[in-house]
Amino acid sequence: MPKTLYDKIWNDHLVHQQDDGTSLLFVDRHLIHEVTSPQAFEGLRNSNRKVRQPKLTLAVVDHNIPTTDRSKGIDDKDSKIQVETLEKNCREFGVKLFGMDDKRQGIVHIVGPEQGFTQPGTVIVCGDSHTATHGAFGSLAFGIGTSEVEHVLATQTLVQKKAKNFRINVNGKLSLGVTSKDVILQIIGKIGTAGGTGCVLEYAGSVISNLSVEQRMTICNMSIEGGARAGLIQPDEKIFSYLKGRPMSPKNDKWERALEYWNSLKSDSDAKFDKEINLNGEDIAPMVTWGTSPEDVVSINGKVPNPDNEKNEDKKNSINRSLKYMGLKPDVKIQDIKIDKVFIGSCTNGRIEDLREAAQILKNKKKAEHVHGMVVPGSGLVKEQAEQEGLDKIFIKSGFEWREPGCSMCLAMNADKLKPQERCASTSNRNFEGRQGRGGRTHLVSPGMAAAAAIAGNLDDVRKYQN
């Protein structure tokens with residue numbers, strides 16, 4: 001029978017399937033960090049178990065660590081305990097760790113691909129919802145819960161039920177100023193945050209295949225925001241070139257064998273999908289969220305919606321609640337919304353290409369005086385490369401802070417937080433109530449749009465600042 005890419009990877013990893021569809025999958029790669037792993041390791045300790053395959057696990061610290069001067073250590077007591085606990089657990093159980101002072105340290109979903117730990121056709125798991133990022137490499141990547149983290153550490157397997165196949169085709173070409181972040185925001189706006197529930201998304205079409213590897217990672221990263229279990233893109237020569245020579249990539253004859261398998265990872269031409277939608281690249285503009293869900297999205301030339309235009313009472317109430325939290329009035333032009341902060345970073349947009357995109361807009365320009373701007377590279381290696389290219393100098397000259405790598409203000413689990421009612425143009429992935437700090441107001445945008453907002457002091461159209 002014809003198979004989708006998801007079907008093929010699933011079948012290659014299926015250990016056992018029960019009559020009700022409950023299945024056991026072999027896990028090739030396990031990424032862990034300091035937030036969801038302590039209870040898992042404690043569970044192993046209490047049941048006198050070892051990590052079954054420590055070489056298939058890679059640990060990083062990212063959520064709790066400071067992005068300012070690290071020589072002073074971690075001020076927050078709980079954060080410090082979590083980081084120290086991960087260090088202790090990795091020593092005890094023989095797991096490789098990129099600690100706070102390791103230049104390879106960074107956000108887990110940036111470090112995996114950077115090291116070649118992420119590879120096509122693998123099943124990858126991590127106790128973090130944005131694990132779908134790795135699907136850009138044609139790997140089946142799930143976010144898992146703490147009890148599942150323990151299960152994978154103990155058995156190198158994961159209990160799952162097979163999801164449905166949902167293909168999203170994006171064809172045509174993207175206009176100037178439109179990025180992969182705008183594409184995924186447009187998709188989520190179209191299908192809603194529950195549109196992909198029970199599905200694995202496969203992104204296809206000429207727009208997707210023309211994206212760079214890092215742009216594809218942005219697309220897959222936000223699959224979870226569309227309700228999906230995972231996101232996938234067929235691996236191709238761009239992926240293979242990206243991975244060649246990485247520290248943990250296959251070497252010599254193993255590379256040739258890997259390529260042979262990787263080239264087979266594509267949906268059959270006559271494979272059936274449970275759902276399928278089509279988008280045109282030319283129809284996508286620079287996007288921005290206005291509310292408290294990633295589906296609350298409009299183009300930069302749009303307006304804040306008016307709840308009175310809604311016939312559905314639930315939808316009307318939802319818009320009213322979002323507007324109240326966000327401190328916005330109906331029908332206000334998006335470009336009239338003033339901002340207080342700009343955050344460039346996160347596992348969605350903290351890679352070298354994202355920083356280049358923002359720096360290109362900010363070059364020889366100053367941010368608005370009232371705006372506080374910060375750039376947080378996604379890893380130590382991204383930071384090093386950005387500094388070699390002089391991007392740090394562009395950011396600093398424009399008035400931004402140049403920080404150390406980490407999750408930073410994406411989720412306010414560290415010192416980087418919004419104050420109540422502060423408004424932020426953010427390149428991260430979630431705009432829920434309190435996501436970036438209690439009472440904080442988040443507008444999700446691309447790196448270029450974040451840079452434009454910093455210069456203008458309000459949400460603005462990046463195309464005004466491009467040659």
# chains A, B, ... in the order shown; residues from 1 in each chain; ligands from 1

$ residues_around --residues "stretch 161-177 of chain A" --least-positions-apart "6" --cutoff "7 Å" --atoms "only C-alpha atoms" --output "number ranges by chain"
A: 21-23, 198-208, 273-282, 286, 462-463

$ residues_around --residues "stretch 152-156 of chain A" --least-positions-apart "3" --cutoff "7 Å" --atoms "only C-alpha atoms" --output "number ranges by chain"
A: 26-27, 49-53, 148-149

$ residues_around --residues "stretch 367-376 of chain A" --least-positions-apart "4" --cutoff "8 Å" --atoms "only C-alpha atoms" --output "list in words"
Thr67, Ile339, Asp340, Lys341, Val342, Phe343, Ile344, Gly345, Ser346, Gly350, Leu362, Phe395, Ser398, Gly399, Phe400, Glu401, Trp402, Arg403, Glu404, Pro405, Gly406, Ser408, Ala454, Ile455, Ala456 and Gly457 of chain A

$ atom_distance --atom1 "atom CA of A:Gly227" --atom2 "atom CA of A:Gly189"
11.9 Å

$ atom_distance --atom1 "atom CA of A:Cys424" --atom2 "atom CA of A:Ser79"
23.8 Å

$ select_by_dssp --residues "stretch 244-287 of chain A" --states "alpha helix (DSSP H)" --output "number ranges by chain"
A: 253-262

$ residues_around --residues "A:Met326" --least-positions-apart "2" --cutoff "12 Å" --atoms "only C-alpha atoms" --output "short mmCIF file (atom, residue, chain, number, x, y, z; two decimals) with C-alpha atoms, in the first residue's frame"
data_model
loop_
_atom_site.label_atom_id
_atom_site.label_comp_id
_atom_site.auth_asym_id
_atom_site.auth_seq_id
_atom_site.Cartn_x
_atom_site.Cartn_y
_atom_site.Cartn_z
CA THR A 289 -0.73 38.08 16.50
CA TRP A 290 -3.12 40.45 18.26
CA GLY A 291 -4.62 38.19 20.97
CA THR A 292 -3.76 35.44 23.44
CA SER A 293 -3.63 32.46 21.08
CA ASP A 296 -5.34 35.28 16.75
CA VAL A 304 -7.73 44.30 15.64
CA ILE A 319 -12.28 37.95 21.43
CA ASN A 320 -13.57 40.18 24.24
CA ARG A 321 -11.45 38.35 26.81
CA SER A 322 -8.34 38.58 24.61
CA LEU A 323 -8.86 42.27 23.94
CA LYS A 324 -9.27 42.97 27.65
CA LEU A 328 -6.64 46.69 22.90
CA LYS A 329 -9.74 48.28 21.38
CA PRO A 330 -11.65 46.77 18.43
CA ILE A 337 -0.08 49.47 18.57
CA LYS A 338 2.86 50.81 20.59
CA ILE A 339 5.33 48.36 22.14
CA PRO A 420 2.42 43.39 34.01
CA GLN A 421 0.92 45.19 30.98
CA GLU A 422 4.28 45.52 29.20
CA ARG A 423 3.84 44.89 25.48
CA CYS A 424 6.41 42.87 23.54
CA ASN A 431 1.32 34.48 23.24
CA PHE A 432 -0.79 32.91 26.01
CA GLU A 433 -1.78 34.96 29.04
CA GLY A 434 1.28 35.25 31.28
CA GLY A 439 0.21 40.22 32.83
CA GLY A 440 2.67 40.55 29.92
CA ARG A 441 1.27 41.15 26.43
CA THR A 442 2.91 39.30 23.55
CA HIS A 443 2.71 39.89 19.79
#

$ residues_around --residues "A:Gln215" --least-positions-apart "3" --cutoff "10 Å" --atoms "only C-alpha atoms" --output "ChimeraX atom specification"
/A:136,179-181,208,210-212,218-221,348-349,351,353-354

$ residues_around --residues "A:Ile144" --least-positions-apart "5" --cutoff "7 Å" --atoms "only C-alpha atoms" --output "mmCIF file with C-alpha atoms, in the first residue's frame"
data_model
loop_
_atom_site.group_PDB
_atom_site.id
_atom_site.type_symbol
_atom_site.label_atom_id
_atom_site.label_comp_id
_atom_site.auth_asym_id
_atom_site.auth_seq_id
_atom_site.Cartn_x
_atom_site.Cartn_y
_atom_site.Cartn_z
ATOM 1 C CA VAL A 125 11.571 12.789 21.881
ATOM 2 C CA CYS A 126 12.069 15.485 24.487
ATOM 3 C CA GLY A 127 10.124 16.643 27.534
ATOM 4 C CA ASP A 128 9.313 19.881 25.722
ATOM 5 C CA VAL A 149 10.702 10.841 29.908
#

$ residues_around --residues "A:Ser299" --least-positions-apart "3" --cutoff "8 Å" --atoms "only C-alpha atoms" --output "list of chain:residue names"
A:Ala285, A:Pro286, A:Met287, A:Val288, A:Gly302

$ decode --residues "stretch 237-258 of chain A" --atoms "N, CA, C and O atoms" --output "compact mmCIF listing (two decimals), in the first residue's frame"
# COMPACT_ATOMS: atom_id res chain seq x y z
N GLU A 237 18.51 17.36 -0.33
CA GLU A 237 19.94 17.67 -0.39
C GLU A 237 20.33 18.79 0.59
O GLU A 237 21.44 18.80 1.11
N LYS A 238 19.44 19.75 0.80
CA LYS A 238 19.75 20.84 1.75
C LYS A 238 19.99 20.27 3.15
O LYS A 238 20.90 20.69 3.87
N ILE A 239 19.14 19.32 3.52
CA ILE A 239 19.26 18.67 4.85
C ILE A 239 20.55 17.87 4.92
O ILE A 239 21.29 17.94 5.91
N PHE A 240 20.84 17.10 3.87
CA PHE A 240 22.03 16.24 3.88
C PHE A 240 23.30 17.10 3.96
O PHE A 240 24.23 16.77 4.69
N SER A 241 23.32 18.21 3.21
CA SER A 241 24.49 19.11 3.24
C SER A 241 24.66 19.73 4.62
O SER A 241 25.78 19.89 5.11
N TYR A 242 23.54 20.10 5.24
CA TYR A 242 23.56 20.71 6.57
C TYR A 242 24.19 19.74 7.58
O TYR A 242 24.98 20.14 8.45
N LEU A 243 23.83 18.46 7.48
CA LEU A 243 24.26 17.47 8.48
C LEU A 243 25.67 16.95 8.25
O LEU A 243 26.32 16.47 9.19
N LYS A 244 26.16 17.02 7.02
CA LYS A 244 27.46 16.41 6.71
C LYS A 244 28.57 17.05 7.53
O LYS A 244 28.71 18.27 7.58
N GLY A 245 29.34 16.21 8.21
CA GLY A 245 30.48 16.69 8.98
C GLY A 245 30.15 17.19 10.37
O GLY A 245 31.05 17.62 11.11
N ARG A 246 28.85 17.19 10.76
CA ARG A 246 28.50 17.61 12.13
C ARG A 246 29.07 16.60 13.12
O ARG A 246 29.22 15.41 12.80
N PRO A 247 29.37 17.03 14.36
CA PRO A 247 30.05 16.14 15.32
C PRO A 247 29.38 14.78 15.52
O PRO A 247 30.07 13.77 15.66
N MET A 248 28.04 14.73 15.55
CA MET A 248 27.35 13.47 15.84
C MET A 248 26.71 12.85 14.59
O MET A 248 25.96 11.88 14.69
N SER A 249 27.00 13.40 13.41
CA SER A 249 26.48 12.82 12.16
C SER A 249 27.25 11.55 11.82
O SER A 249 28.40 11.39 12.26
N PRO A 250 26.65 10.66 11.02
CA PRO A 250 27.37 9.45 10.60
C PRO A 250 28.64 9.83 9.82
O PRO A 250 28.68 10.85 9.14
N LYS A 251 29.66 8.99 9.92
CA LYS A 251 30.94 9.25 9.24
C LYS A 251 31.28 8.11 8.26
O LYS A 251 30.87 6.97 8.44
N ASN A 252 32.05 8.46 7.22
CA ASN A 252 32.62 7.51 6.25
C ASN A 252 31.55 6.61 5.63
O ASN A 252 30.57 7.09 5.09
N ASP A 253 31.72 5.27 5.72
CA ASP A 253 30.77 4.37 5.05
C ASP A 253 29.39 4.43 5.70
O ASP A 253 28.37 4.19 5.05
N LYS A 254 29.33 4.81 6.99
CA LYS A 254 28.03 4.95 7.66
C LYS A 254 27.25 6.12 7.06
O LYS A 254 26.02 6.10 7.01
N TRP A 255 27.98 7.16 6.63
CA TRP A 255 27.33 8.30 5.97
C TRP A 255 26.65 7.85 4.68
O TRP A 255 25.50 8.21 4.41
N GLU A 256 27.35 7.04 3.89
CA GLU A 256 26.79 6.56 2.61
C GLU A 256 25.55 5.70 2.86
O GLU A 256 24.56 5.80 2.14
N ARG A 257 25.62 4.85 3.87
CA ARG A 257 24.47 4.00 4.21
C ARG A 257 23.29 4.84 4.70
O ARG A 257 22.14 4.57 4.37
N ALA A 258 23.62 5.86 5.49
CA ALA A 258 22.57 6.76 5.99
C ALA A 258 21.89 7.48 4.83
O ALA A 258 20.66 7.56 4.77
